[in-house]
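Novice: So that you have it, the file is target-v5.pdb, and it contains PDB, C-alpha atoms:
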```
ATOM      1  CA  LYS A 850     102.356 110.607  91.820
ATOM      2  CA  VAL A 851      98.872 109.114  91.667
ATOM      3  CA  GLU A 852      96.227 110.572  89.360
ATOM      4  CA  VAL A 853      92.880 111.501  90.942
ATOM      5  CA  MET A 854      89.883 110.942  88.658
ATOM      6  CA  ASN A 855      86.328 112.248  88.889
ATOM      7  CA  SER A 856      83.070 110.532  87.919
ATOM      8  CA  PRO A 857      80.232 111.941  85.760
ATOM      9  CA  LEU A 858      78.435 113.488  88.788
ATOM     10  CA  VAL A 859      81.649 115.152  90.046
ATOM     11  CA  SER A 860      82.674 118.298  88.168
ATOM     12  CA  TYR A 861      86.268 118.327  89.436
ATOM     13  CA  VAL A 862      88.588 117.089  92.168
ATOM     14  CA  CYS A 863      91.549 118.970  93.669
ATOM     15  CA  PRO A 864      94.337 118.057  93.673
ATOM     16  CA  GLN A 865      94.424 116.202  90.367
ATOM     17  CA  PHE A 866      97.506 114.296  91.501
ATOM     18  CA  VAL A 867      98.477 113.026  94.963
ATOM     19  CA  ASN A 868     102.134 112.839  95.872
ATOM     20  CA  THR A 869     102.852 109.424  97.358
ATOM     21  CA  ILE A 870     106.150 110.514  98.875
ATOM     22  CA  GLY A 871     106.153 112.636 101.995
ATOM     23  CA  ASP A 872     105.818 112.660 105.747
ATOM     24  CA  ASP A 873     102.155 113.708 105.848
ATOM     25  CA  GLU A 874      99.935 111.022 107.339
ATOM     26  CA  LYS A 875      96.831 112.268 105.529
ATOM     27  CA  THR A 876      95.879 113.794 102.227
ATOM     28  CA  GLU A 877      92.673 115.744 101.599
ATOM     29  CA  LEU A 878      90.677 115.770  98.367
ATOM     30  CA  PHE A 879      88.228 118.567  97.551
ATOM     31  CA  PHE A 880      85.431 118.235  95.008
ATOM     32  CA  ARG A 881      82.149 119.669  93.734
ATOM     33  CA  VAL A 882      79.146 117.889  92.269
ATOM     34  CA  ARG A 883      77.641 118.850  88.895
ATOM     35  CA  LYS A 884      74.014 119.108  90.029
ATOM     36  CA  PRO A 885      72.015 119.180  93.276
ATOM     37  CA  LEU A 886      71.604 115.669  94.670
ATOM     38  CA  GLY A 887      69.506 114.216  97.452
ATOM     39  CA  LYS A 888      70.500 111.231  99.549
ATOM     40  CA  SER A 889      73.799 110.005  98.106
ATOM     41  CA  ARG A 890      77.006 108.207  98.927
ATOM     42  CA  VAL A 891      80.540 109.455  98.271
ATOM     43  CA  LEU A 892      82.799 106.573  97.267
ATOM     44  CA  VAL A 893      86.564 106.868  96.966
ATOM     45  CA  TYR A 894      88.233 104.066  95.036
ATOM     46  CA  LYS A 895      91.864 102.999  95.053
ATOM     47  CA  ASP A 896      92.084 101.295  91.672
ATOM     48  CA  ASP A 897      89.023  98.958  91.947
ATOM     49  CA  GLU A 898      88.889  98.775  95.764
ATOM     50  CA  ILE A 899      86.631 101.031  97.873
ATOM     51  CA  LEU A 900      88.765 103.032 100.299
ATOM     52  CA  LEU A 901      86.023 105.219 101.718
ATOM     53  CA  SER A 902      82.226 105.302 101.677
ATOM     54  CA  LEU A 903      80.461 108.319 103.185
ATOM     55  CA  PRO A 904      76.682 108.823 103.295
ATOM     56  CA  LYS A 905      75.408 112.331 102.487
ATOM     57  CA  ILE A 906      71.902 113.708 103.034
ATOM     58  CA  ARG A 907      72.331 116.141 100.151
ATOM     59  CA  LEU A 908      75.023 117.545  97.883
ATOM     60  CA  ALA A 909      75.015 120.887  96.080
ATOM     61  CA  PRO A 910      77.304 122.363  93.392
ATOM     62  CA  SER A 911      77.720 125.527  95.460
ATOM     63  CA  GLU A 912      79.275 123.608  98.360
ATOM     64  CA  MET A 913      82.851 122.378  98.337
ATOM     65  CA  GLU A 914      83.027 118.837  99.706
ATOM     66  CA  SER A 915      86.118 117.105 101.014
ATOM     67  CA  VAL A 916      87.370 113.676 102.041
ATOM     68  CA  VAL A 917      90.486 112.786 104.009
ATOM     69  CA  LEU A 918      92.548 109.762 103.019
ATOM     70  CA  LYS A 919      95.410 108.075 104.828
ATOM     71  CA  ARG A 920      98.664 108.528 102.932
ATOM     72  CA  ALA A 921      99.494 104.841 103.484
ATOM     73  CA  ASP A 922      96.316 103.886 101.586
ATOM     74  CA  VAL A 923      97.266 105.846  98.458
ATOM     75  CA  ARG A 924     100.980 104.959  98.291
ATOM     76  CA  THR A 925     100.430 101.771  96.285
ATOM     77  CA  ALA A 926      97.542 103.076  94.157
ATOM     78  CA  LYS A 927      97.691 103.426  90.393
ATOM     79  CA  LYS A 928      94.695 105.784  90.434
ATOM     80  CA  ILE A 929      92.203 107.269  92.894
ATOM     81  CA  SER A 930      88.593 107.898  91.835
ATOM     82  CA  VAL A 931      85.880 109.975  93.513
ATOM     83  CA  VAL A 932      82.421 108.636  92.637
ATOM     84  CA  ILE A 933      78.974 109.811  93.716
ATOM     85  CA  GLN A 934      76.292 107.159  93.961
ATOM     86  CA  GLU A 935      72.782 108.584  94.130
ATOM     87  CA  GLU A 936      70.567 106.464  96.399
ATOM     88  CA  GLU A 937      67.006 105.687  95.457
ATOM     89  CA  ALA A 938      64.238 107.206  97.555
TER      90      ALA A 938
END
```
Please express the file's structure as structure tokens.

Specialist:
Amino acid sequence: KVEVMNSPLVSYVCPQFVNTIGDDEKTELFFRVRKPLGKSRVLVYKDDEILLSLPKIRLAPSEMESVVLKRADVRTAKKISVVIQEEEA
């Protein structure tokens, strides 16, 4: 199992652990932000390496967001982190 961590702008991430054993090719993470945000970037880290970087026009606490990761990418991870980086206007 790999623990999934959230950053200060992310209120929670589901699931909190990703099973590294299994036949599924993909795993999906769901999360919500703590406050409304404008132009931002969703970053998913495997340990200290960026696995995924997605631009977002806006993020809202009322909307469930999700990211899809390849199972092969998380198999060797010690931890996965979901980080929101707010871009300057």

Novice: Of the candidates A:Ser902, A:Gln934, A:Ser915, A:Gln865, which shows the shortest atom-to-atom distance to Phe880 (chain A), using all atoms listed in the file?

Specialist: A:Ser915

Novice: Can you give me, as a VMD selection string, the residues this file yields under the PyMOL selection byres ((chain A and resi 899) around 12)?

Specialist: chain A and resid 891 to 898 900 to 903 918 922 to 923 926 928 to 932

Novice: Which residue gives the smallest distance to Met854 (chain A) among A:Met913, A:Val867, A:Ala921, A:Leu886, with all atoms listed in the file counted?

Specialist: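 Smallest distance to Met854 (chain A) is found for A:Val867.
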
Novice: If you measure from CA of Glu912 (chain A) to CA of Glu852 (chain A), what distance in Å do you get, rounded to one decimal?

Specialist: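 Rounded to one decimal, the two atoms are 23.2 Å apart.
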
Novice: Restricting the calculation to all atoms listed in the file, which member of A:Lys884, A:Thr876, A:Arg890, A:Val859 is positioned closest to Lys905 (chain A)?

Specialist: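 Of A:Lys884, A:Thr876, A:Arg890, A:Val859, the one nearest Lys905 (chain A) is A:Arg890, counting all atoms listed in the file.
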
Novice: Kindly indicate which residue among A:Arg924, A:Ala909, A:Val916, A:Ile933 lies nearest to Leu878 (chain A), using all atoms listed in the file for the distances.

Specialist: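 Closest to Leu878 (chain A), using all atoms listed in the file: A:Val916.
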
Novice: Restricting the calculation to all atoms listed in the file, which member of A:Arg920, A:Arg881, A:Lys875, A:Lys888 is positioned closest to Glu936 (chain A)?

Specialist: A:Lys888
